[in-house]
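Student: mmCIF, N, CA and C atoms, file work_24.cif:
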```cif
data_upload
loop_
_atom_site.label_atom_id
_atom_site.label_comp_id
_atom_site.auth_asym_id
_atom_site.auth_seq_id
_atom_site.Cartn_x
_atom_site.Cartn_y
_atom_site.Cartn_z
N MET M 1 -27.22 -5.55 -90.22
CA MET M 1 -27.62 -4.92 -88.98
C MET M 1 -26.38 -4.49 -88.20
N SER M 2 -26.56 -3.45 -87.44
CA SER M 2 -25.43 -2.98 -86.65
C SER M 2 -25.59 -3.43 -85.21
N ASP M 3 -24.48 -3.56 -84.58
CA ASP M 3 -24.47 -3.97 -83.18
C ASP M 3 -24.20 -2.77 -82.28
N ALA M 4 -24.78 -1.62 -82.60
CA ALA M 4 -24.58 -0.41 -81.81
C ALA M 4 -25.26 -0.56 -80.46
N PRO M 5 -24.61 -0.07 -79.41
CA PRO M 5 -25.24 -0.18 -78.09
C PRO M 5 -26.48 0.70 -78.01
N ALA M 6 -27.40 0.29 -77.19
CA ALA M 6 -28.63 1.05 -77.00
C ALA M 6 -28.30 2.36 -76.27
N PRO M 7 -28.91 3.47 -76.64
CA PRO M 7 -28.61 4.73 -75.95
C PRO M 7 -29.05 4.67 -74.49
N GLU M 8 -28.21 5.25 -73.65
CA GLU M 8 -28.51 5.27 -72.22
C GLU M 8 -29.52 6.38 -71.93
N PRO M 9 -30.37 6.20 -70.95
CA PRO M 9 -31.33 7.27 -70.61
C PRO M 9 -30.58 8.49 -70.08
N ARG M 10 -31.11 9.67 -70.41
CA ARG M 10 -30.47 10.92 -69.98
C ARG M 10 -30.85 11.26 -68.54
N ASP M 11 -29.97 11.99 -67.93
CA ASP M 11 -30.22 12.50 -66.59
C ASP M 11 -31.21 13.65 -66.70
N PRO M 12 -32.35 13.61 -66.01
CA PRO M 12 -33.34 14.69 -66.16
C PRO M 12 -32.83 16.04 -65.67
N LYS M 13 -31.84 16.06 -64.80
CA LYS M 13 -31.30 17.33 -64.32
C LYS M 13 -30.48 18.03 -65.39
N ALA M 14 -29.95 17.28 -66.34
CA ALA M 14 -29.09 17.86 -67.36
C ALA M 14 -29.89 18.45 -68.52
N ALA M 15 -31.19 18.31 -68.52
CA ALA M 15 -32.01 18.82 -69.62
C ALA M 15 -32.12 20.33 -69.53
N LEU M 16 -32.24 20.97 -70.69
CA LEU M 16 -32.42 22.42 -70.73
C LEU M 16 -33.85 22.76 -70.35
N VAL M 17 -34.01 23.86 -69.63
CA VAL M 17 -35.33 24.31 -69.21
C VAL M 17 -35.58 25.66 -69.88
N PHE M 18 -36.68 25.74 -70.61
CA PHE M 18 -37.00 26.95 -71.35
C PHE M 18 -38.16 27.71 -70.71
N ASP M 19 -38.29 27.64 -69.38
CA ASP M 19 -39.32 28.39 -68.67
C ASP M 19 -38.96 29.87 -68.68
N ASP M 20 -39.93 30.70 -68.41
CA ASP M 20 -39.72 32.13 -68.33
C ASP M 20 -39.00 32.45 -67.02
N PRO M 21 -37.77 32.97 -67.07
CA PRO M 21 -37.04 33.23 -65.83
C PRO M 21 -37.66 34.36 -65.00
N LEU M 22 -38.48 35.20 -65.62
CA LEU M 22 -39.09 36.29 -64.86
C LEU M 22 -40.24 35.81 -63.99
N ASN M 23 -40.71 34.60 -64.20
CA ASN M 23 -41.77 34.04 -63.36
C ASN M 23 -41.21 33.45 -62.07
N GLN M 24 -39.91 33.30 -61.98
CA GLN M 24 -39.29 32.70 -60.80
C GLN M 24 -38.78 33.80 -59.87
N GLN M 25 -38.85 33.53 -58.57
CA GLN M 25 -38.38 34.50 -57.58
C GLN M 25 -36.86 34.37 -57.45
N SER M 26 -36.17 35.50 -57.51
CA SER M 26 -34.72 35.49 -57.35
C SER M 26 -34.37 35.81 -55.90
N SER M 27 -33.09 35.66 -55.58
CA SER M 27 -32.66 35.98 -54.21
C SER M 27 -32.76 37.46 -53.92
N ASP M 28 -32.75 38.30 -54.97
CA ASP M 28 -32.90 39.74 -54.76
C ASP M 28 -34.33 40.14 -54.43
N ASP M 29 -35.28 39.26 -54.70
CA ASP M 29 -36.69 39.56 -54.42
C ASP M 29 -37.06 39.35 -52.96
N THR M 30 -36.17 38.82 -52.18
CA THR M 30 -36.45 38.56 -50.77
C THR M 30 -35.62 39.50 -49.91
N ASP M 31 -35.97 39.63 -48.65
CA ASP M 31 -35.24 40.47 -47.71
C ASP M 31 -34.14 39.70 -47.00
N ARG M 32 -34.02 38.42 -47.29
CA ARG M 32 -33.05 37.60 -46.59
C ARG M 32 -31.64 38.04 -46.96
N GLY M 33 -30.80 38.28 -45.96
CA GLY M 33 -29.42 38.63 -46.18
C GLY M 33 -29.14 40.11 -46.29
N TRP M 34 -30.16 40.94 -46.33
CA TRP M 34 -29.94 42.38 -46.46
C TRP M 34 -29.72 42.98 -45.09
N GLY M 35 -28.57 43.57 -44.88
CA GLY M 35 -28.26 44.25 -43.64
C GLY M 35 -27.90 43.34 -42.49
N GLU M 36 -27.89 42.07 -42.71
CA GLU M 36 -27.52 41.15 -41.64
C GLU M 36 -26.02 40.98 -41.63
N ARG M 37 -25.45 41.05 -40.46
CA ARG M 37 -24.01 40.85 -40.34
C ARG M 37 -23.78 39.53 -39.65
N PRO M 38 -22.94 38.71 -40.22
CA PRO M 38 -22.64 37.45 -39.55
C PRO M 38 -21.86 37.71 -38.27
N SER M 39 -22.23 37.00 -37.24
CA SER M 39 -21.50 37.17 -35.99
C SER M 39 -20.16 36.46 -36.15
N GLY M 40 -19.11 37.19 -35.91
CA GLY M 40 -17.80 36.59 -36.10
C GLY M 40 -16.76 37.29 -35.27
N ASP M 41 -15.56 36.98 -35.58
CA ASP M 41 -14.40 37.51 -34.88
C ASP M 41 -14.12 38.93 -35.36
N SER M 42 -13.98 39.87 -34.43
CA SER M 42 -13.71 41.26 -34.82
C SER M 42 -12.32 41.40 -35.43
N ALA M 43 -11.37 40.57 -35.02
CA ALA M 43 -10.04 40.60 -35.61
C ALA M 43 -10.10 40.15 -37.07
N ALA M 44 -10.94 39.19 -37.36
CA ALA M 44 -11.11 38.75 -38.74
C ALA M 44 -11.77 39.83 -39.59
N ASP M 45 -12.72 40.57 -38.99
CA ASP M 45 -13.35 41.68 -39.69
C ASP M 45 -12.34 42.77 -40.03
N LEU M 46 -11.47 43.10 -39.09
CA LEU M 46 -10.44 44.11 -39.32
C LEU M 46 -9.46 43.64 -40.39
N ARG M 47 -9.07 42.38 -40.33
CA ARG M 47 -8.15 41.84 -41.32
C ARG M 47 -8.77 41.88 -42.72
N ARG M 48 -10.05 41.54 -42.82
CA ARG M 48 -10.74 41.60 -44.11
C ARG M 48 -10.84 43.04 -44.60
N PHE M 49 -11.15 43.96 -43.71
CA PHE M 49 -11.23 45.37 -44.07
C PHE M 49 -9.90 45.87 -44.63
N LEU M 50 -8.81 45.53 -43.95
CA LEU M 50 -7.50 45.99 -44.39
C LEU M 50 -7.07 45.30 -45.69
N ASP M 51 -7.45 44.05 -45.87
CA ASP M 51 -7.11 43.33 -47.10
C ASP M 51 -7.86 43.88 -48.31
N GLU M 52 -9.09 44.32 -48.11
CA GLU M 52 -9.91 44.78 -49.21
C GLU M 52 -9.84 46.29 -49.44
N LYS M 53 -9.13 46.99 -48.59
CA LYS M 53 -9.04 48.45 -48.69
C LYS M 53 -8.13 48.81 -49.86
N PRO M 54 -8.58 49.71 -50.73
CA PRO M 54 -7.73 50.13 -51.85
C PRO M 54 -6.46 50.84 -51.35
N PRO M 55 -5.38 50.75 -52.09
CA PRO M 55 -4.11 51.33 -51.63
C PRO M 55 -4.16 52.83 -51.43
N HIS M 56 -5.02 53.55 -52.17
CA HIS M 56 -5.06 54.99 -52.02
C HIS M 56 -5.84 55.43 -50.77
N HIS M 57 -6.35 54.49 -49.99
CA HIS M 57 -7.08 54.82 -48.76
C HIS M 57 -6.22 54.66 -47.51
N PHE M 58 -4.95 54.37 -47.67
CA PHE M 58 -4.11 54.19 -46.50
C PHE M 58 -3.67 55.50 -45.93
#
```
Re-express the file's structure as structure tokens.

Tutor:
Amino acid sequence: MSDAPAPEPRDPKAALVFDDPLNQQSSDDTDRGWGERPSGDSAADLRRFLDEKPPHHF
């Protein structure tokens, strides 16, 4: 006989799920987040705009 340890139970979150992904609602299926602007600092908005602007737009 072997003295192998008993297998530990698996975490149910780590299991693979083979459900149909088209039956689930995605974030694109909702209107949440579309056109909403977070209220923030206008200086931070300008800094982000300038940081993300391509070099040929200067």

Student: Give me, please, the distance in Å between atom CA of Asp29 of chain M and atom CA of Lys13 of chain M, quoted to one decimal.

Tutor: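 These atoms are spaced 24.9 Å apart.
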
Student: Mind pulling up the distance from atom N of Ser42 of chain M to atom CA of Thr30 of chain M?

Tutor: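 Rounded to one decimal, the two atoms are 27.8 Å apart.
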
Student: Rounded to one decimal place, report the atom C of Ser27 of chain M-atom C of Ala15 of chain M distance in Å.

Tutor: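 Taking atom C of Ser27 of chain M as the start and atom C of Ala15 of chain M as the end point, the length is 23.2 Å.
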
Student: Can you pull out every residue from segment 12-58 of chain M that DSSP, working from the backbone, puts in alpha helix (DSSP H), and format the result as a PyMOL selection string?

Tutor: chain M and resi 42-52

Student: If I wrap all listed atoms of segment 38-52 of chain M in a box with edges along x, y and z and add 3 Å on each side, what are its centre and edge lengths in Å to one decimal, as lines of an AutoDock Vina configuration file?

Tutor:
```
center_x = -15.0
center_y = 41.4
center_z = -41.9
size_x = 21.9
size_y = 15.8
size_z = 21.0
```

Student: How would segment 6-23 of chain M read, as a PDB file, in the coordinates of the input, once N, CA, C and O atoms are built in?

Tutor:
```
ATOM      1  N   ALA M   6     -27.400   0.290 -77.190  1.00  0.00           N
ATOM      2  CA  ALA M   6     -28.630   1.050 -77.000  1.00  0.00           C
ATOM      3  C   ALA M   6     -28.300   2.360 -76.270  1.00  0.00           C
ATOM      4  O   ALA M   6     -27.438   2.370 -75.379  1.00  0.00           O
ATOM      5  N   PRO M   7     -28.910   3.470 -76.640  1.00  0.00           N
ATOM      6  CA  PRO M   7     -28.610   4.730 -75.950  1.00  0.00           C
ATOM      7  C   PRO M   7     -29.050   4.670 -74.490  1.00  0.00           C
ATOM      8  O   PRO M   7     -30.081   4.115 -74.158  1.00  0.00           O
ATOM      9  N   GLU M   8     -28.210   5.250 -73.650  1.00  0.00           N
ATOM     10  CA  GLU M   8     -28.510   5.270 -72.220  1.00  0.00           C
ATOM     11  C   GLU M   8     -29.520   6.380 -71.930  1.00  0.00           C
ATOM     12  O   GLU M   8     -29.527   7.407 -72.609  1.00  0.00           O
ATOM     13  N   PRO M   9     -30.370   6.200 -70.950  1.00  0.00           N
ATOM     14  CA  PRO M   9     -31.330   7.270 -70.610  1.00  0.00           C
ATOM     15  C   PRO M   9     -30.580   8.490 -70.080  1.00  0.00           C
ATOM     16  O   PRO M   9     -29.566   8.385 -69.415  1.00  0.00           O
ATOM     17  N   ARG M  10     -31.110   9.670 -70.410  1.00  0.00           N
ATOM     18  CA  ARG M  10     -30.470  10.920 -69.980  1.00  0.00           C
ATOM     19  C   ARG M  10     -30.850  11.260 -68.540  1.00  0.00           C
ATOM     20  O   ARG M  10     -31.907  10.879 -68.052  1.00  0.00           O
ATOM     21  N   ASP M  11     -29.970  11.990 -67.930  1.00  0.00           N
ATOM     22  CA  ASP M  11     -30.220  12.500 -66.590  1.00  0.00           C
ATOM     23  C   ASP M  11     -31.210  13.650 -66.700  1.00  0.00           C
ATOM     24  O   ASP M  11     -30.972  14.608 -67.429  1.00  0.00           O
ATOM     25  N   PRO M  12     -32.350  13.610 -66.010  1.00  0.00           N
ATOM     26  CA  PRO M  12     -33.340  14.690 -66.160  1.00  0.00           C
ATOM     27  C   PRO M  12     -32.830  16.040 -65.670  1.00  0.00           C
ATOM     28  O   PRO M  12     -33.295  17.068 -66.110  1.00  0.00           O
ATOM     29  N   LYS M  13     -31.840  16.060 -64.800  1.00  0.00           N
ATOM     30  CA  LYS M  13     -31.300  17.330 -64.320  1.00  0.00           C
ATOM     31  C   LYS M  13     -30.480  18.030 -65.390  1.00  0.00           C
ATOM     32  O   LYS M  13     -30.301  19.231 -65.348  1.00  0.00           O
ATOM     33  N   ALA M  14     -29.950  17.280 -66.340  1.00  0.00           N
ATOM     34  CA  ALA M  14     -29.090  17.860 -67.360  1.00  0.00           C
ATOM     35  C   ALA M  14     -29.890  18.450 -68.520  1.00  0.00           C
ATOM     36  O   ALA M  14     -29.311  19.043 -69.412  1.00  0.00           O
ATOM     37  N   ALA M  15     -31.190  18.310 -68.520  1.00  0.00           N
ATOM     38  CA  ALA M  15     -32.010  18.820 -69.620  1.00  0.00           C
ATOM     39  C   ALA M  15     -32.120  20.330 -69.530  1.00  0.00           C
ATOM     40  O   ALA M  15     -32.083  20.926 -68.459  1.00  0.00           O
ATOM     41  N   LEU M  16     -32.240  20.970 -70.690  1.00  0.00           N
ATOM     42  CA  LEU M  16     -32.420  22.420 -70.730  1.00  0.00           C
ATOM     43  C   LEU M  16     -33.850  22.760 -70.350  1.00  0.00           C
ATOM     44  O   LEU M  16     -34.792  22.067 -70.720  1.00  0.00           O
ATOM     45  N   VAL M  17     -34.010  23.860 -69.630  1.00  0.00           N
ATOM     46  CA  VAL M  17     -35.330  24.310 -69.210  1.00  0.00           C
ATOM     47  C   VAL M  17     -35.580  25.660 -69.880  1.00  0.00           C
ATOM     48  O   VAL M  17     -34.794  26.581 -69.751  1.00  0.00           O
ATOM     49  N   PHE M  18     -36.680  25.740 -70.610  1.00  0.00           N
ATOM     50  CA  PHE M  18     -37.000  26.950 -71.350  1.00  0.00           C
ATOM     51  C   PHE M  18     -38.160  27.710 -70.710  1.00  0.00           C
ATOM     52  O   PHE M  18     -38.926  28.371 -71.396  1.00  0.00           O
ATOM     53  N   ASP M  19     -38.290  27.640 -69.380  1.00  0.00           N
ATOM     54  CA  ASP M  19     -39.320  28.390 -68.670  1.00  0.00           C
ATOM     55  C   ASP M  19     -38.960  29.870 -68.680  1.00  0.00           C
ATOM     56  O   ASP M  19     -37.817  30.264 -68.903  1.00  0.00           O
ATOM     57  N   ASP M  20     -39.930  30.700 -68.410  1.00  0.00           N
ATOM     58  CA  ASP M  20     -39.720  32.130 -68.330  1.00  0.00           C
ATOM     59  C   ASP M  20     -39.000  32.450 -67.020  1.00  0.00           C
ATOM     60  O   ASP M  20     -39.541  32.235 -65.940  1.00  0.00           O
ATOM     61  N   PRO M  21     -37.770  32.970 -67.070  1.00  0.00           N
ATOM     62  CA  PRO M  21     -37.040  33.230 -65.830  1.00  0.00           C
ATOM     63  C   PRO M  21     -37.660  34.360 -65.000  1.00  0.00           C
ATOM     64  O   PRO M  21     -37.398  34.468 -63.814  1.00  0.00           O
ATOM     65  N   LEU M  22     -38.480  35.200 -65.620  1.00  0.00           N
ATOM     66  CA  LEU M  22     -39.090  36.290 -64.860  1.00  0.00           C
ATOM     67  C   LEU M  22     -40.240  35.810 -63.990  1.00  0.00           C
ATOM     68  O   LEU M  22     -40.709  36.553 -63.126  1.00  0.00           O
ATOM     69  N   ASN M  23     -40.710  34.600 -64.200  1.00  0.00           N
ATOM     70  CA  ASN M  23     -41.770  34.040 -63.360  1.00  0.00           C
ATOM     71  C   ASN M  23     -41.210  33.450 -62.070  1.00  0.00           C
ATOM     72  O   ASN M  23     -41.974  33.115 -61.173  1.00  0.00           O
TER      73      ASN M  23
END
```
